[in-house]
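Undergrad: Enclosed is the structure file final-v8.cif (mmCIF, C-alpha atoms).
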data_entry
#
loop_
_atom_site.group_PDB
_atom_site.id
_atom_site.type_symbol
_atom_site.label_atom_id
_atom_site.label_comp_id
_atom_site.auth_asym_id
_atom_site.auth_seq_id
_atom_site.Cartn_x
_atom_site.Cartn_y
_atom_site.Cartn_z
ATOM 1 C CA MET B 8 -26.056 23.010 -38.835
ATOM 2 C CA ASN B 9 -24.685 20.775 -36.089
ATOM 3 C CA SER B 10 -21.227 19.520 -35.177
ATOM 4 C CA HIS B 11 -20.783 15.947 -36.336
ATOM 5 C CA LEU B 12 -18.519 13.115 -37.504
ATOM 6 C CA THR B 13 -18.674 11.828 -41.048
ATOM 7 C CA PHE B 14 -17.226 8.971 -43.101
ATOM 8 C CA SER B 15 -17.844 11.060 -46.249
ATOM 9 C CA SER B 16 -15.618 13.680 -47.908
ATOM 10 C CA LEU B 17 -16.057 17.203 -46.567
ATOM 11 C CA ASP B 18 -17.672 19.584 -49.077
ATOM 12 C CA LEU B 19 -15.929 22.825 -48.075
ATOM 13 C CA ASN B 20 -18.094 25.058 -50.268
ATOM 14 C CA GLN B 21 -21.253 23.596 -48.769
ATOM 15 C CA LEU B 22 -19.925 23.857 -45.205
ATOM 16 C CA ASN B 23 -18.946 27.517 -45.698
ATOM 17 C CA SER B 24 -22.234 28.345 -47.360
ATOM 18 C CA ASP B 25 -24.349 26.640 -44.680
ATOM 19 C CA PHE B 26 -22.316 28.112 -41.848
ATOM 20 C CA ASN B 27 -22.450 31.689 -43.096
ATOM 21 C CA ALA B 28 -26.168 31.654 -43.902
ATOM 22 C CA ASP B 29 -28.366 33.800 -41.649
ATOM 23 C CA LEU B 30 -25.615 34.789 -39.251
ATOM 24 C CA GLY B 31 -27.611 37.716 -37.948
ATOM 25 C CA GLY B 32 -25.501 40.194 -36.001
ATOM 26 C CA ALA B 33 -22.183 38.519 -36.606
ATOM 27 C CA GLY B 34 -19.343 40.854 -37.518
ATOM 28 C CA ALA B 35 -16.840 38.061 -38.056
ATOM 29 C CA SER B 36 -16.795 34.519 -39.366
ATOM 30 C CA VAL B 37 -13.591 32.484 -39.092
ATOM 31 C CA THR B 38 -13.249 29.036 -40.625
ATOM 32 C CA PHE B 39 -10.398 26.543 -40.331
ATOM 33 C CA THR B 40 -9.768 23.477 -42.479
ATOM 34 C CA GLY B 41 -7.208 20.802 -41.631
ATOM 35 C CA PHE B 42 -5.911 18.633 -44.508
ATOM 36 C CA VAL B 43 -4.192 15.243 -44.631
ATOM 37 C CA ARG B 44 -0.457 15.764 -45.181
ATOM 38 C CA ASP B 45 1.292 13.533 -47.728
ATOM 39 C CA PHE B 46 4.415 13.147 -45.588
ATOM 40 C CA ASN B 47 5.741 12.672 -42.074
ATOM 41 C CA VAL B 48 9.308 12.745 -40.694
ATOM 42 C CA LYS B 49 9.969 9.271 -42.148
ATOM 43 C CA GLY B 50 8.847 10.015 -45.690
ATOM 44 C CA LYS B 51 5.874 9.920 -48.037
ATOM 45 C CA LEU B 52 2.480 8.808 -46.724
ATOM 46 C CA ASP B 53 -0.385 7.038 -48.461
ATOM 47 C CA GLY B 54 -3.277 8.559 -46.527
ATOM 48 C CA LEU B 55 -4.506 7.831 -43.043
ATOM 49 C CA GLU B 56 -7.303 6.248 -41.053
ATOM 50 C CA LEU B 57 -9.227 7.761 -38.171
ATOM 51 C CA GLU B 58 -10.700 5.487 -35.501
ATOM 52 C CA HIS B 59 -13.311 6.774 -33.067
ATOM 53 C CA TYR B 60 -15.301 5.631 -30.008
ATOM 54 C CA PRO B 61 -18.920 5.463 -31.231
ATOM 55 C CA GLY B 62 -21.114 7.557 -28.979
ATOM 56 C CA MET B 63 -18.356 9.121 -26.896
ATOM 57 C CA THR B 64 -16.637 10.824 -29.827
ATOM 58 C CA GLU B 65 -19.831 12.417 -31.156
ATOM 59 C CA ASN B 66 -20.756 13.632 -27.662
ATOM 60 C CA ALA B 67 -17.260 14.969 -26.979
ATOM 61 C CA LEU B 68 -17.295 16.890 -30.273
ATOM 62 C CA GLN B 69 -20.674 18.472 -29.503
ATOM 63 C CA GLU B 70 -19.639 19.294 -25.911
ATOM 64 C CA LEU B 71 -16.479 20.973 -27.193
ATOM 65 C CA ALA B 72 -18.484 23.067 -29.668
ATOM 66 C CA ASN B 73 -20.921 24.104 -26.924
ATOM 67 C CA LYS B 74 -18.107 24.989 -24.531
ATOM 68 C CA SER B 75 -16.208 26.970 -27.154
ATOM 69 C CA ARG B 76 -19.331 28.864 -28.229
ATOM 70 C CA ALA B 77 -20.090 29.839 -24.622
ATOM 71 C CA LYS B 78 -16.490 30.684 -23.678
ATOM 72 C CA PHE B 79 -16.006 33.107 -26.574
ATOM 73 C CA HIS B 80 -19.611 34.332 -26.814
ATOM 74 C CA CYS B 81 -19.938 33.065 -30.361
ATOM 75 C CA LEU B 82 -23.193 33.283 -32.255
ATOM 76 C CA ARG B 83 -22.435 30.003 -33.989
ATOM 77 C CA LEU B 84 -19.714 27.393 -33.621
ATOM 78 C CA VAL B 85 -19.577 24.163 -35.602
ATOM 79 C CA VAL B 86 -16.970 21.367 -35.804
ATOM 80 C CA VAL B 87 -17.043 18.635 -38.457
ATOM 81 C CA HIS B 88 -14.496 15.788 -38.354
ATOM 82 C CA ARG B 89 -13.801 12.964 -40.784
ATOM 83 C CA VAL B 90 -13.402 9.348 -39.614
ATOM 84 C CA GLY B 91 -12.430 6.211 -41.527
ATOM 85 C CA LYS B 92 -9.985 6.067 -44.448
ATOM 86 C CA ILE B 93 -8.889 9.481 -45.760
ATOM 87 C CA GLU B 94 -6.680 10.125 -48.783
ATOM 88 C CA ASN B 95 -3.746 12.541 -48.921
ATOM 89 C CA HIS B 96 -4.726 16.220 -49.294
ATOM 90 C CA GLU B 97 -8.358 15.610 -48.304
ATOM 91 C CA PRO B 98 -9.930 17.792 -45.603
ATOM 92 C CA ILE B 99 -9.946 15.998 -42.246
ATOM 93 C CA VAL B 100 -11.469 18.625 -39.943
ATOM 94 C CA TRP B 101 -13.435 21.831 -40.370
ATOM 95 C CA VAL B 102 -14.253 24.494 -37.740
ATOM 96 C CA GLY B 103 -16.495 27.519 -38.135
ATOM 97 C CA ALA B 104 -16.702 30.274 -35.497
ATOM 98 C CA ALA B 105 -18.896 33.356 -35.858
ATOM 99 C CA SER B 106 -19.135 36.225 -33.397
ATOM 100 C CA HIS B 107 -19.733 39.947 -33.102
ATOM 101 C CA HIS B 108 -16.013 40.742 -33.353
ATOM 102 C CA ARG B 109 -13.064 39.067 -35.048
ATOM 103 C CA GLN B 110 -10.900 38.438 -31.971
ATOM 104 C CA SER B 111 -13.370 36.104 -30.315
ATOM 105 C CA ALA B 112 -13.998 34.288 -33.606
ATOM 106 C CA PHE B 113 -10.250 33.716 -34.143
ATOM 107 C CA ASP B 114 -9.788 32.690 -30.499
ATOM 108 C CA ALA B 115 -12.746 30.301 -30.602
ATOM 109 C CA ALA B 116 -11.416 28.542 -33.711
ATOM 110 C CA MET B 117 -7.930 28.223 -32.156
ATOM 111 C CA TYR B 118 -9.306 27.006 -28.831
ATOM 112 C CA THR B 119 -11.552 24.476 -30.535
ATOM 113 C CA MET B 120 -8.682 22.913 -32.481
ATOM 114 C CA ASP B 121 -6.267 22.945 -29.532
ATOM 115 C CA VAL B 122 -8.746 21.291 -27.168
ATOM 116 C CA LEU B 123 -10.057 18.874 -29.810
ATOM 117 C CA LYS B 124 -6.562 17.413 -30.056
ATOM 118 C CA GLN B 125 -6.651 16.620 -26.312
ATOM 119 C CA SER B 126 -10.244 15.773 -25.498
ATOM 120 C CA VAL B 127 -12.033 14.162 -28.442
ATOM 121 C CA PRO B 128 -11.442 10.390 -28.763
ATOM 122 C CA LEU B 129 -9.992 10.042 -32.250
ATOM 123 C CA TRP B 130 -6.888 8.099 -33.218
ATOM 124 C CA LYS B 131 -4.857 8.537 -36.426
ATOM 125 C CA LYS B 132 -3.122 5.713 -38.220
ATOM 126 C CA GLU B 133 -0.763 6.672 -41.067
ATOM 127 C CA TRP B 134 -0.234 4.441 -44.104
ATOM 128 C CA MET B 135 3.296 4.134 -45.521
ATOM 129 C CA ASP B 136 4.577 1.444 -47.938
ATOM 130 C CA GLY B 137 1.569 -0.783 -47.298
ATOM 131 C CA LYS B 138 1.921 -0.633 -43.504
ATOM 132 C CA ALA B 139 -0.141 1.346 -41.024
ATOM 133 C CA ILE B 140 1.448 2.985 -37.977
ATOM 134 C CA TRP B 141 -0.497 4.589 -35.121
ATOM 135 C CA VAL B 142 0.383 8.241 -34.603
ATOM 136 C CA ASP B 143 1.734 9.153 -31.147
ATOM 137 C CA ALA B 144 0.270 12.094 -29.264
ATOM 138 C CA LYS B 145 2.537 15.166 -29.422
ATOM 139 C CA ASP B 146 3.781 17.154 -26.427
ATOM 140 C CA SER B 147 3.334 20.318 -28.504
ATOM 141 C CA ASP B 148 -0.417 19.615 -28.731
ATOM 142 C CA LYS B 149 -0.596 19.206 -24.960
ATOM 143 C CA ILE B 150 1.180 22.530 -24.464
ATOM 144 C CA ALA B 151 -1.109 24.249 -26.987
ATOM 145 C CA ALA B 152 -4.227 23.061 -25.148
ATOM 146 C CA SER B 153 -2.855 23.980 -21.715
ATOM 147 C CA ARG B 154 -2.490 27.680 -22.593
ATOM 148 C CA TRP B 155 -6.268 28.075 -22.576
ATOM 149 C CA MET D 18 -28.303 -19.950 -16.353
ATOM 150 C CA THR D 19 -28.010 -17.137 -13.786
ATOM 151 C CA GLU D 20 -26.944 -13.767 -15.163
ATOM 152 C CA ASN D 21 -23.979 -12.282 -13.322
ATOM 153 C CA LYS D 22 -24.777 -8.659 -12.472
ATOM 154 C CA ASN D 23 -21.403 -7.888 -10.875
ATOM 155 C CA THR D 24 -19.759 -7.091 -14.167
ATOM 156 C CA VAL D 25 -18.590 -4.224 -16.355
ATOM 157 C CA ILE D 26 -17.864 -4.097 -20.066
ATOM 158 C CA ILE D 27 -14.324 -2.975 -20.889
ATOM 159 C CA LYS D 28 -13.737 -1.595 -24.392
ATOM 160 C CA PHE D 29 -10.365 -1.156 -26.089
ATOM 161 C CA PHE D 30 -9.512 1.233 -28.924
ATOM 162 C CA ALA D 31 -6.709 1.902 -31.430
ATOM 163 C CA LEU D 32 -3.245 0.530 -30.495
ATOM 164 C CA VAL D 33 -4.544 -0.848 -27.173
ATOM 165 C CA ARG D 34 -7.213 -2.863 -29.045
ATOM 166 C CA GLU D 35 -4.717 -4.160 -31.593
ATOM 167 C CA GLN D 36 -2.161 -5.248 -28.984
ATOM 168 C CA ILE D 37 -4.770 -7.022 -26.863
ATOM 169 C CA GLY D 38 -6.468 -8.526 -29.900
ATOM 170 C CA LEU D 39 -9.989 -7.896 -28.599
ATOM 171 C CA ASP D 40 -12.567 -5.115 -29.007
ATOM 172 C CA GLU D 41 -14.002 -5.650 -25.534
ATOM 173 C CA ILE D 42 -14.234 -8.013 -22.574
ATOM 174 C CA THR D 43 -16.654 -8.460 -19.682
ATOM 175 C CA GLU D 44 -15.065 -8.484 -16.237
ATOM 176 C CA THR D 45 -16.390 -9.187 -12.766
ATOM 177 C CA ILE D 46 -15.590 -6.381 -10.335
ATOM 178 C CA THR D 47 -15.616 -6.042 -6.561
ATOM 179 C CA ASP D 48 -17.350 -3.438 -4.394
ATOM 180 C CA ASN D 49 -15.673 -0.020 -4.513
ATOM 181 C CA GLU D 50 -13.014 -1.126 -6.975
ATOM 182 C CA THR D 51 -11.144 1.751 -8.606
ATOM 183 C CA LEU D 52 -10.081 2.006 -12.233
ATOM 184 C CA ASP D 53 -6.407 1.701 -11.239
ATOM 185 C CA GLU D 54 -7.182 -1.554 -9.412
ATOM 186 C CA LEU D 55 -9.145 -2.885 -12.372
ATOM 187 C CA LYS D 56 -6.337 -1.898 -14.760
ATOM 188 C CA ARG D 57 -3.791 -3.832 -12.681
ATOM 189 C CA ARG D 58 -5.992 -6.942 -12.801
ATOM 190 C CA ILE D 59 -6.407 -6.605 -16.583
ATOM 191 C CA GLU D 60 -2.637 -6.218 -17.037
ATOM 192 C CA ALA D 61 -2.144 -9.539 -15.211
ATOM 193 C CA LYS D 62 -4.282 -11.441 -17.742
ATOM 194 C CA GLY D 63 -1.354 -11.961 -20.108
ATOM 195 C CA ASP D 64 1.615 -10.467 -21.901
ATOM 196 C CA ASN D 65 -0.562 -8.871 -24.573
ATOM 197 C CA PHE D 66 -2.689 -7.112 -21.931
ATOM 198 C CA ALA D 67 0.412 -5.999 -20.006
ATOM 199 C CA LEU D 68 2.039 -4.639 -23.169
ATOM 200 C CA ALA D 69 -1.081 -2.778 -24.297
ATOM 201 C CA LEU D 70 -1.575 -1.077 -20.941
ATOM 202 C CA SER D 71 2.099 -0.413 -20.152
ATOM 203 C CA GLY D 72 2.328 2.897 -22.025
ATOM 204 C CA PRO D 73 0.322 6.079 -21.602
ATOM 205 C CA VAL D 74 -3.320 4.964 -21.373
ATOM 206 C CA VAL D 75 -6.431 7.110 -21.051
ATOM 207 C CA MET D 76 -9.377 5.699 -19.106
ATOM 208 C CA ALA D 77 -13.059 6.437 -19.547
ATOM 209 C CA CYS D 78 -16.114 5.430 -17.522
ATOM 210 C CA ASN D 79 -19.517 5.630 -19.193
ATOM 211 C CA GLN D 80 -17.929 7.564 -22.058
ATOM 212 C CA THR D 81 -16.357 10.270 -19.879
ATOM 213 C CA MET D 82 -12.597 10.527 -19.337
ATOM 214 C CA VAL D 83 -11.701 9.929 -15.679
ATOM 215 C CA ASP D 84 -8.558 9.205 -13.681
ATOM 216 C CA GLY D 85 -7.533 6.000 -11.953
ATOM 217 C CA THR D 86 -9.042 6.922 -8.598
ATOM 218 C CA HIS D 87 -12.539 6.738 -10.081
ATOM 219 C CA THR D 88 -14.704 4.114 -8.357
ATOM 220 C CA ILE D 89 -16.464 1.699 -10.701
ATOM 221 C CA ASN D 90 -20.090 0.629 -10.385
ATOM 222 C CA TYR D 91 -21.682 -2.549 -11.667
ATOM 223 C CA GLY D 92 -22.887 -2.151 -15.225
ATOM 224 C CA ASP D 93 -20.463 0.660 -16.078
ATOM 225 C CA GLU D 94 -18.923 0.887 -19.550
ATOM 226 C CA ILE D 95 -15.161 1.196 -19.101
ATOM 227 C CA ALA D 96 -12.693 2.008 -21.889
ATOM 228 C CA PHE D 97 -8.900 1.980 -22.183
ATOM 229 C CA PHE D 98 -7.268 3.777 -25.097
ATOM 230 C CA PRO D 99 -4.105 5.683 -26.088
ATOM 231 C CA PRO D 100 -3.887 9.491 -25.814
ATOM 232 C CA VAL D 101 -6.026 10.944 -28.582
ATOM 233 C CA THR D 102 -4.583 12.170 -31.898
ATOM 234 C CA GLY D 103 -7.449 13.748 -33.832
ATOM 235 C CA GLY D 104 -7.507 17.054 -35.657
#
Is it possible to express this structure as structure tokens?

TA:
Amino acid sequence: MNSHLTFSSLDLNQLNSDFNADLGGAGASVTFTGFVRDFNVKGKLDGLELEHYPGMTENALQELANKSRAKFHCLRLVVVHRVGKIENHEPIVWVGAASHHRQSAFDAAMYTMDVLKQSVPLWKKEWMDGKAIWVDAKDSDKIAASRW
Amino acid sequence: MTENKNTVIIKFFALVREQIGLDEITETITDNETLDELKRRIEAKGDNFALALSGPVVMACNQTMVDGTHTINYGDEIAFFPPVTGG
């Protein structure tokens, strides 16, 4: 099971099942799923689109997974991210972190999401009333990544 | 026709791509040119280029994020894009 991008819907049951199979000596498995919100500060949204940089985005995602696995001594760490058009309430990103103890698994999942939001070339565009608006990067995401 | 080897490909993504109106361009560079120097020359190409590159822009060389002091080599793949917003 490798980290990857996909234009297809994320099958959460399949991801969890594949990730947790044959985990060996793992004492903890933490998974995180991010979903598309149906609102922003201006009102109701009609889904979003994710643009990526072919080649660079896939490599950045894999490098992040490798770095996170090594930093927190995980037995397995996988990141899967949607790209393209995504409907409200659909999963957009999934992270699995497995390790001997729960603290490193929780930390690895947190670190992976915080750093993903700063280092992986993906850009969100939100749809509202037939118009699409690019999402600005948030200072809070920068602060979250800097604490690691 | 003689192929010009003194060039780089410059790719644009997301809002930067939309404001410029192009996915990519090919640009002739000079010896030891830095990304900041190249960016200033691209900004001077027109109002749409200046607008697109006036805000916070991330730069990449050969698909690795770098800062403006990075020296470009012939044949490099350069990219300009907004700060990322995945996750």

Undergrad: With 7 Å as the cut-off and only C-alpha atoms counted, what is the closest atom pair between each nearby residue of chain D and chain B? Distances in Å to one decimal, ordered by chain and number, as a Markdown table.

TA:
| residue | atom | partner | partner_atom | distance |
| --- | --- | --- | --- | --- |
| D:Ala31 | CA | B:Trp130 | CA | 6.5 |
| D:Leu32 | CA | B:Trp141 | CA | 6.7 |
| D:Gln80 | CA | B:Met63 | CA | 5.1 |
| D:Pro100 | CA | B:Ala144 | CA | 6.0 |
| D:Val101 | CA | B:Pro128 | CA | 5.4 |
| D:Thr102 | CA | B:Trp130 | CA | 4.9 |
| D:Gly103 | CA | B:Leu129 | CA | 4.8 |
| D:Gly104 | CA | B:Lys124 | CA | 5.7 |

Undergrad: I'd like to know which of D:Ile59, D:Ile89, D:Leu39, D:Val33 is closest to Gly72 (chain D), using only C-alpha atoms.

TA: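 Checking each of D:Ile59, D:Ile89, D:Leu39, D:Val33 against Gly72 (chain D), counting only C-alpha atoms, the winner is D:Val33.
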
Undergrad: Using all atoms listed in the file, which of the listed residues (D:Thr51, D:Thr24, D:Thr45, D:Asn65) sits closest to Thr88 (chain D)?

TA: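 Under the stated criterion, the closest residue is D:Thr51.
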
Undergrad: Please evaluate the PyMOL selection byres ((chain D and resi 91) around 7) against the structure above and give the resulting residues as a PyMOL selection string.

TA: chain D and resi 22-25+89-90+92-93

Undergrad: Neighbours of Val85 (chain B) within 8 Å (all atoms listed in the file; same-chain residues fewer than 2 positions away dropped), as a list of chain:residue names?

TA: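 Within the cut-off, the hits are B:Met8, B:Asn9, B:Ser10, B:Phe26, B:Ala72, B:Arg83, B:Val87, B:Val102, B:Gly103, B:Ala104.
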
Undergrad: Of the candidates B:Ala139, B:Ile150, B:Asp29, B:Asn20, which one gets nearest to Glu35 (chain D) if we count only C-alpha atoms?

TA: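 When distances to Glu35 (chain D) are compared using only C-alpha atoms, the smallest one comes from B:Ala139.
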
Undergrad: Need to verify the contact set: Leu70 (chain D), 10 Å, all atoms listed in the file, exclusion of same-chain residues closer than 4 positions in sequence. Can you return it as a PyMOL selection string?

TA: chain D and resi 32-33+36-37+56-57+59-60+64-66+74-75+97-99

Undergrad: I'd like the contact shell of Val37 (chain B) - 12 Å cut-off, all atoms listed in the file, skipping same-chain residues fewer than 4 positions apart - returned as a short mmCIF file (atom, residue, chain, number, x, y, z; two decimals) with C-alpha atoms, in the coordinates of the input.

TA:
data_model
loop_
_atom_site.label_atom_id
_atom_site.label_comp_id
_atom_site.auth_asym_id
_atom_site.auth_seq_id
_atom_site.Cartn_x
_atom_site.Cartn_y
_atom_site.Cartn_z
CA ASN B 23 -18.95 27.52 -45.70
CA PHE B 26 -22.32 28.11 -41.85
CA ASN B 27 -22.45 31.69 -43.10
CA ALA B 33 -22.18 38.52 -36.61
CA CYS B 81 -19.94 33.06 -30.36
CA LEU B 82 -23.19 33.28 -32.26
CA ARG B 83 -22.44 30.00 -33.99
CA LEU B 84 -19.71 27.39 -33.62
CA VAL B 85 -19.58 24.16 -35.60
CA TRP B 101 -13.44 21.83 -40.37
CA VAL B 102 -14.25 24.49 -37.74
CA GLY B 103 -16.50 27.52 -38.14
CA ALA B 104 -16.70 30.27 -35.50
CA ALA B 105 -18.90 33.36 -35.86
CA SER B 106 -19.14 36.22 -33.40
CA HIS B 107 -19.73 39.95 -33.10
CA HIS B 108 -16.01 40.74 -33.35
CA ARG B 109 -13.06 39.07 -35.05
CA GLN B 110 -10.90 38.44 -31.97
CA SER B 111 -13.37 36.10 -30.32
CA ALA B 112 -14.00 34.29 -33.61
CA PHE B 113 -10.25 33.72 -34.14
CA ASP B 114 -9.79 32.69 -30.50
CA ALA B 115 -12.75 30.30 -30.60
CA ALA B 116 -11.42 28.54 -33.71
CA MET B 117 -7.93 28.22 -32.16
CA THR B 119 -11.55 24.48 -30.54
#

Undergrad: Using CA of Ala77 (chain D) and CA of Asp40 (chain D) as the two end points, give the distance in Å to one decimal.

TA: 14.9 Å
